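Pasting run.cif here (mmCIF, C-alpha atoms):
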data_work
#
loop_
_atom_site.label_atom_id
_atom_site.label_comp_id
_atom_site.auth_asym_id
_atom_site.auth_seq_id
_atom_site.Cartn_x
_atom_site.Cartn_y
_atom_site.Cartn_z
CA ASP A 256 5.40 -2.64 9.63
CA THR A 257 2.45 -4.72 8.50
CA GLY A 258 1.49 -5.38 4.93
CA VAL A 259 -1.94 -5.83 3.36
CA SER A 260 -3.93 -8.35 5.37
CA GLN A 261 -6.76 -10.51 3.99
CA ASP A 262 -9.22 -12.79 5.72
CA PRO A 263 -10.14 -15.58 5.33
CA ARG A 264 -7.28 -17.06 3.35
CA HIS A 265 -9.41 -19.94 2.13
CA LYS A 266 -13.15 -20.37 1.76
CA ILE A 267 -15.11 -23.32 0.42
CA THR A 268 -18.79 -22.63 -0.15
CA LYS A 269 -21.75 -24.26 -1.80
CA ARG A 270 -23.20 -22.78 -4.96
CA GLY A 271 -25.83 -20.19 -4.14
CA GLN A 272 -24.36 -19.16 -0.78
CA ASN A 273 -23.04 -15.69 -0.01
CA VAL A 274 -19.41 -15.06 0.96
CA THR A 275 -17.58 -12.02 2.30
CA PHE A 276 -13.88 -11.25 2.26
CA ARG A 277 -12.14 -8.63 4.38
CA CYS A 278 -9.06 -6.57 3.56
CA ASP A 279 -6.98 -4.38 5.85
CA PRO A 280 -4.66 -2.16 3.79
CA ILE A 281 -1.30 -0.71 4.78
CA SER A 282 -2.25 1.96 7.28
CA GLU A 283 -1.08 5.10 5.48
CA HIS A 284 -2.42 4.04 2.08
CA ASN A 285 -5.61 5.75 0.94
CA ARG A 286 -6.13 3.74 -2.26
CA LEU A 287 -7.45 0.19 -2.03
CA TYR A 288 -7.96 -2.23 -4.92
CA TRP A 289 -9.62 -5.59 -5.46
CA TYR A 290 -8.35 -7.97 -8.13
CA ARG A 291 -9.32 -11.51 -9.12
CA GLN A 292 -6.89 -14.15 -10.33
CA THR A 293 -7.62 -17.55 -11.84
CA LEU A 294 -5.13 -20.33 -12.47
CA GLY A 295 -2.58 -19.49 -15.14
CA GLN A 296 -3.77 -15.91 -15.51
CA GLY A 297 -2.55 -12.57 -14.22
CA PRO A 298 -4.62 -10.62 -11.71
CA GLU A 299 -7.62 -8.78 -13.22
CA PHE A 300 -8.83 -5.45 -11.85
CA LEU A 301 -12.26 -5.46 -10.20
CA THR A 302 -12.64 -2.14 -8.37
CA TYR A 303 -10.84 0.52 -6.40
CA PHE A 304 -11.47 2.99 -3.60
CA GLN A 305 -9.90 6.30 -2.78
CA ASN A 306 -10.55 6.68 0.92
CA GLU A 307 -14.21 5.64 1.34
CA ALA A 308 -15.28 6.46 -2.22
CA GLN A 309 -15.57 3.65 -4.76
CA LEU A 310 -14.35 5.37 -7.92
CA GLU A 311 -14.24 2.65 -10.55
CA LYS A 312 -15.73 -0.78 -11.14
CA SER A 313 -14.71 -3.22 -13.85
CA ARG A 314 -17.21 -4.84 -16.19
CA LEU A 315 -16.09 -8.09 -14.50
CA LEU A 316 -17.90 -6.98 -11.36
CA SER A 317 -21.42 -8.30 -11.85
CA ASP A 318 -24.42 -7.21 -9.79
CA ARG A 319 -23.78 -10.12 -7.43
CA PHE A 320 -20.55 -8.48 -6.30
CA SER A 321 -20.44 -5.54 -3.90
CA ALA A 322 -17.52 -3.85 -2.23
CA GLU A 323 -17.43 -1.34 0.58
CA ARG A 324 -14.82 0.64 2.44
CA PRO A 325 -16.52 2.33 5.36
CA LYS A 326 -14.55 5.18 6.92
CA GLY A 327 -11.77 4.66 4.40
CA SER A 328 -10.07 1.95 6.41
CA PHE A 329 -10.72 -1.77 5.86
CA SER A 330 -12.74 -3.04 2.91
CA THR A 331 -15.12 -5.92 2.33
CA LEU A 332 -15.96 -7.75 -0.89
CA GLU A 333 -19.22 -9.67 -0.85
CA ILE A 334 -20.32 -12.17 -3.47
CA GLN A 335 -24.00 -13.10 -3.41
CA ARG A 336 -25.48 -16.30 -4.83
CA THR A 337 -22.06 -17.72 -5.66
CA GLU A 338 -21.53 -19.64 -8.90
CA GLN A 339 -18.81 -22.12 -9.78
CA GLY A 340 -17.28 -19.53 -12.11
CA ASP A 341 -16.59 -17.35 -9.09
CA SER A 342 -13.91 -19.80 -7.92
CA ALA A 343 -10.67 -17.80 -7.94
CA MET A 344 -8.19 -16.02 -5.72
CA TYR A 345 -9.39 -12.59 -4.66
CA LEU A 346 -6.52 -10.20 -4.11
CA CYS A 347 -6.61 -6.96 -2.20
CA ALA A 348 -3.97 -4.30 -2.73
CA SER A 349 -3.25 -0.80 -1.50
CA SER A 350 -1.14 2.17 -2.52
CA PRO A 351 -0.33 5.68 -1.37
CA THR A 352 -0.96 8.72 -3.50
CA GLY A 353 0.93 11.84 -4.38
CA SER A 354 4.51 12.28 -3.30
CA LEU A 355 4.49 8.95 -1.45
CA GLY A 356 4.57 7.14 -4.79
CA ASN A 357 2.24 4.88 -6.70
CA THR A 358 3.51 1.38 -6.04
CA ILE A 359 0.68 -1.08 -5.44
CA TYR A 360 1.25 -3.68 -2.72
CA PHE A 361 -0.74 -6.90 -2.63
CA GLY A 362 -2.00 -9.08 0.16
CA GLU A 363 -1.71 -12.87 0.24
CA GLY A 364 -5.13 -13.33 -1.30
CA SER A 365 -8.34 -15.11 -0.37
CA TRP A 366 -8.97 -18.37 -2.19
CA LEU A 367 -12.61 -19.11 -3.00
CA THR A 368 -13.80 -22.54 -4.07
CA VAL A 369 -17.48 -22.87 -5.01
CA VAL A 370 -18.71 -26.47 -5.02
CA GLU B 89 -7.13 -0.76 -24.28
CA ASP B 90 -3.89 -1.47 -22.40
CA GLN B 91 -2.28 -4.81 -23.25
CA VAL B 92 0.61 -6.78 -21.78
CA THR B 93 2.13 -9.91 -23.33
CA GLN B 94 4.75 -11.97 -21.53
CA SER B 95 7.05 -14.58 -23.00
CA PRO B 96 7.93 -17.33 -22.64
CA GLU B 97 4.96 -18.79 -20.72
CA ALA B 98 7.31 -21.16 -18.93
CA LEU B 99 11.08 -21.39 -18.60
CA ARG B 100 13.22 -24.10 -17.11
CA LEU B 101 16.84 -23.23 -16.26
CA GLN B 102 19.72 -25.00 -14.65
CA GLU B 103 21.20 -23.32 -11.60
CA GLY B 104 23.65 -20.66 -12.80
CA GLU B 105 22.18 -20.50 -16.33
CA SER B 106 21.34 -16.84 -16.99
CA SER B 107 18.33 -15.84 -19.11
CA SER B 108 15.79 -13.09 -19.78
CA LEU B 109 12.03 -12.79 -19.53
CA ASN B 110 10.17 -10.50 -21.94
CA CYS B 111 7.22 -8.19 -21.39
CA SER B 112 5.73 -6.39 -24.42
CA TYR B 113 3.15 -3.71 -23.82
CA THR B 114 0.83 -1.21 -25.44
CA VAL B 115 -0.54 1.54 -23.24
CA SER B 116 -1.84 5.08 -23.61
CA GLY B 117 0.74 7.04 -21.70
CA LEU B 118 2.85 4.75 -19.53
CA ARG B 119 2.92 5.88 -15.92
CA GLY B 120 4.95 2.93 -14.73
CA LEU B 121 5.88 -0.64 -15.58
CA PHE B 122 5.91 -3.03 -12.65
CA TRP B 123 7.49 -6.41 -12.08
CA TYR B 124 6.15 -8.74 -9.40
CA ARG B 125 7.16 -12.18 -8.21
CA GLN B 126 4.41 -14.62 -7.25
CA ASP B 127 4.94 -17.87 -5.37
CA PRO B 128 2.27 -20.61 -5.60
CA GLY B 129 -0.81 -19.79 -3.54
CA LYS B 130 0.45 -16.34 -2.52
CA GLY B 131 -0.11 -12.77 -3.59
CA PRO B 132 2.26 -10.91 -5.93
CA GLU B 133 5.39 -9.52 -4.28
CA PHE B 134 6.64 -6.18 -5.60
CA LEU B 135 10.07 -6.20 -7.27
CA PHE B 136 10.58 -3.11 -9.44
CA THR B 137 8.96 -0.07 -10.99
CA LEU B 138 10.36 1.45 -14.19
CA TYR B 139 9.13 4.82 -15.37
CA SER B 140 10.90 5.76 -18.60
CA ALA B 141 12.71 4.18 -21.52
CA GLY B 142 16.36 3.49 -20.77
CA GLU B 143 15.79 3.03 -17.07
CA GLU B 144 17.33 0.00 -15.34
CA LYS B 145 16.92 -1.36 -11.81
CA GLU B 146 18.70 -4.19 -10.04
CA LYS B 147 18.02 -6.36 -7.03
CA GLU B 148 20.30 -9.27 -6.20
CA ARG B 149 20.30 -11.55 -9.27
CA LEU B 150 17.51 -9.62 -11.04
CA LYS B 151 17.84 -6.67 -13.39
CA ALA B 152 14.90 -4.98 -15.10
CA THR B 153 15.19 -2.78 -18.19
CA LEU B 154 12.66 -0.74 -20.15
CA THR B 155 12.26 0.42 -23.73
CA LYS B 156 9.31 2.20 -25.35
CA LYS B 157 7.67 -1.11 -26.28
CA GLU B 158 8.99 -3.77 -23.92
CA SER B 159 10.70 -4.60 -20.68
CA PHE B 160 13.13 -7.37 -19.87
CA LEU B 161 13.79 -9.09 -16.58
CA HIS B 162 17.31 -10.49 -16.68
CA ILE B 163 18.15 -13.26 -14.23
CA THR B 164 21.87 -13.77 -13.67
CA ALA B 165 23.14 -17.07 -12.25
CA PRO B 166 19.74 -18.09 -10.91
CA LYS B 167 19.26 -20.30 -7.87
CA PRO B 168 16.41 -22.73 -7.13
CA GLU B 169 14.87 -20.17 -4.76
CA ASP B 170 14.30 -17.88 -7.76
CA SER B 171 11.67 -20.34 -9.00
CA ALA B 172 8.33 -18.50 -9.15
CA THR B 173 5.96 -16.85 -11.59
CA TYR B 174 7.11 -13.40 -12.66
CA LEU B 175 4.35 -10.95 -13.53
CA CYS B 176 4.64 -7.76 -15.54
CA ALA B 177 2.04 -4.99 -15.30
CA VAL B 178 1.54 -1.52 -16.77
CA GLN B 179 0.04 1.48 -15.07
CA ALA B 180 -1.61 4.28 -17.05
CA PRO B 181 -2.76 7.67 -15.83
CA GLY B 182 -6.27 7.84 -14.46
CA GLY B 183 -8.41 5.03 -13.14
CA GLY B 184 -6.74 5.19 -9.78
CA ASN B 185 -3.45 4.02 -11.25
CA LYS B 186 -4.78 0.49 -11.57
CA LEU B 187 -2.51 -2.16 -13.07
CA THR B 188 -3.03 -4.25 -16.20
CA PHE B 189 -1.17 -7.54 -15.90
CA GLY B 190 0.27 -10.06 -18.31
CA THR B 191 -0.25 -13.78 -17.75
CA GLY B 192 3.22 -14.24 -16.30
CA THR B 193 6.29 -16.38 -16.94
CA GLN B 194 6.60 -19.48 -14.77
CA LEU B 195 10.28 -19.95 -13.98
CA LYS B 196 11.76 -23.17 -12.61
CA VAL B 197 15.42 -23.30 -11.67
CA GLU B 198 16.84 -26.78 -11.17
CA LEU B 199 19.99 -27.96 -9.43
#
In structure tokens, how does this file's structure come out?
Amino acid sequence: DTGVSQDPRHKITKRGQNVTFRCDPISEHNRLYWYRQTLGQGPEFLTYFQNEAQLEKSRLLSDRFSAERPKGSFSTLEIQRTEQGDSAMYLCASSPTGSLGNTIYFGEGSWLTVV
Amino acid sequence: EDQVTQSPEALRLQEGESSSLNCSYTVSGLRGLFWYRQDPGKGPEFLFTLYSAGEEKEKERLKATLTKKESFLHITAPKPEDSATYLCAVQAPGGGNKLTFGTGTQLKVEL
């Protein structure tokens, strides 16, 4: 039984570069979420997918951010032209729907440092 | 807009000294209230879901309770390994059941 898997766990990048994070959800879960967490704060919702459809995006998700979930399996979160304010932990989570419950399970996160 | 406020921000306990963490919330139609534990540098680990006022759940030294306005996480006879940040989150209908989190309570249990 594997949990939510994220890669890479840590990324240091120079300002202006693009970065991409990957998330593999729990296999039977059809909902996938991206959250961002900064030091001393709780996770903040960015976006979510039901299967391959991206159904909601937060106002926090600027035009430099794009997320995809091709074929409703793994997901990627890309940040273009990174800024220092993008430094945070990016958390992926997944959940089942319907009778399987609605608990959301998180991965270990991907730390981004923009220098 | 859904809001979650946790108190205290930080709590230091001696081993065996029981205490409670508070989570106050406002939400349009609570679907669930979640408690997570988060260790430094790691993702949140699911602890409990509470669905209706009066509900209680227990796991080892932890007990979560829910009223219409707040939830408490009671820690009985804590051990140093209980040291972590405890996050509370609410889930409302719609929006893919996304969670709105508080800022957490950082708990340190000392010998």
* To do: Would you kindly return, as a ChimeraX atom specification, each protein, DNA or RNA residue with an atom no farther than 12 Å from any atom of Thr268 (chain A), considering only C-alpha atoms and excluding same-chain residues fewer than 2 positions away?
  => /A:265-266,270-275,334-339,341-342,366-370
* Asked: Given a cut-off of 9 Å, which residues of chain B touch chain A, counting all atoms listed in the file, written out as a PyMOL selection string?
  -> chain B and resi 120+122+129-134+137+175-177+183-192
* Care to translate the PyMOL selection byres ((chain B and resi 116) around 10) into actual residues of this file, as a PyMOL selection string? -> chain B and resi 89-91+114-115+117-119+179-181
Could I get the residues of region 89-140 of chain B with an atom no further than 8 Å from an atom of region 193-197 of chain B, each paired with its nearest atom pair and that distance in Å to one decimal, using only C-alpha atoms, sorted by chain and residue number, as a tab-separated table?
residue	atom	partner	partner_atom	distance
B:Gln94	CA	B:Thr193	CA	6.5
B:Ser95	CA	B:Thr193	CA	6.4
B:Pro96	CA	B:Thr193	CA	6.0
B:Glu97	CA	B:Thr193	CA	4.7
B:Ala98	CA	B:Gln194	CA	4.5
B:Leu99	CA	B:Leu195	CA	4.9
B:Arg100	CA	B:Lys196	CA	4.8
B:Leu101	CA	B:Val197	CA	4.8
B:Gln102	CA	B:Val197	CA	5.5
B:Glu103	CA	B:Val197	CA	5.8
B:Leu109	CA	B:Thr193	CA	7.2
* To do: Name the residues in contact with Ser112 (chain B) at a cut-off of 8 Å, using all atoms listed in the file, excluding same-chain residues fewer than 6 positions from it; report them as a ChimeraX atom specification.
  => /B:92-94,157-159
* Asked: When you draw a straight line from CA of Arg324 (chain A) to CA of Arg277 (chain A), how long is it in Å?
  ->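 CA of Arg324 (chain A) sits 9.8 Å away from CA of Arg277 (chain A).
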* **Residues near Glu148 (chain B), cut-off 12 Å, all atoms listed in the file, skip fewer than 4 positions along chain, as a count of residues only** => 10
* What does the distance between CA of Ala141 (chain B) and CA of Thr173 (chain B) come to in Å, to one decimal place? -> 24.2 Å
* Could you check which of B:Lys145, B:Gly182, B:Lys151, B:Phe160 is closest to Tyr113 (chain B), using only C-alpha atoms? =>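 Of all the options, B:Phe160 lies closest to Tyr113 (chain B).
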* On this structure, which residues satisfy the PyMOL selection byres ((chain A and resi 278) around 6), written as a ChimeraX atom specification? -> /A:260-261,277,279,329-330
Listed atoms of region 169-181 of chain B boxed axis-aligned with 8 Å per side, centre + edges as AutoDock Vina command-line options:
--center_x 6.1 --center_y -6.3 --center_z -10.9 --size_x 33.6 --size_y 44.0 --size_z 28.3
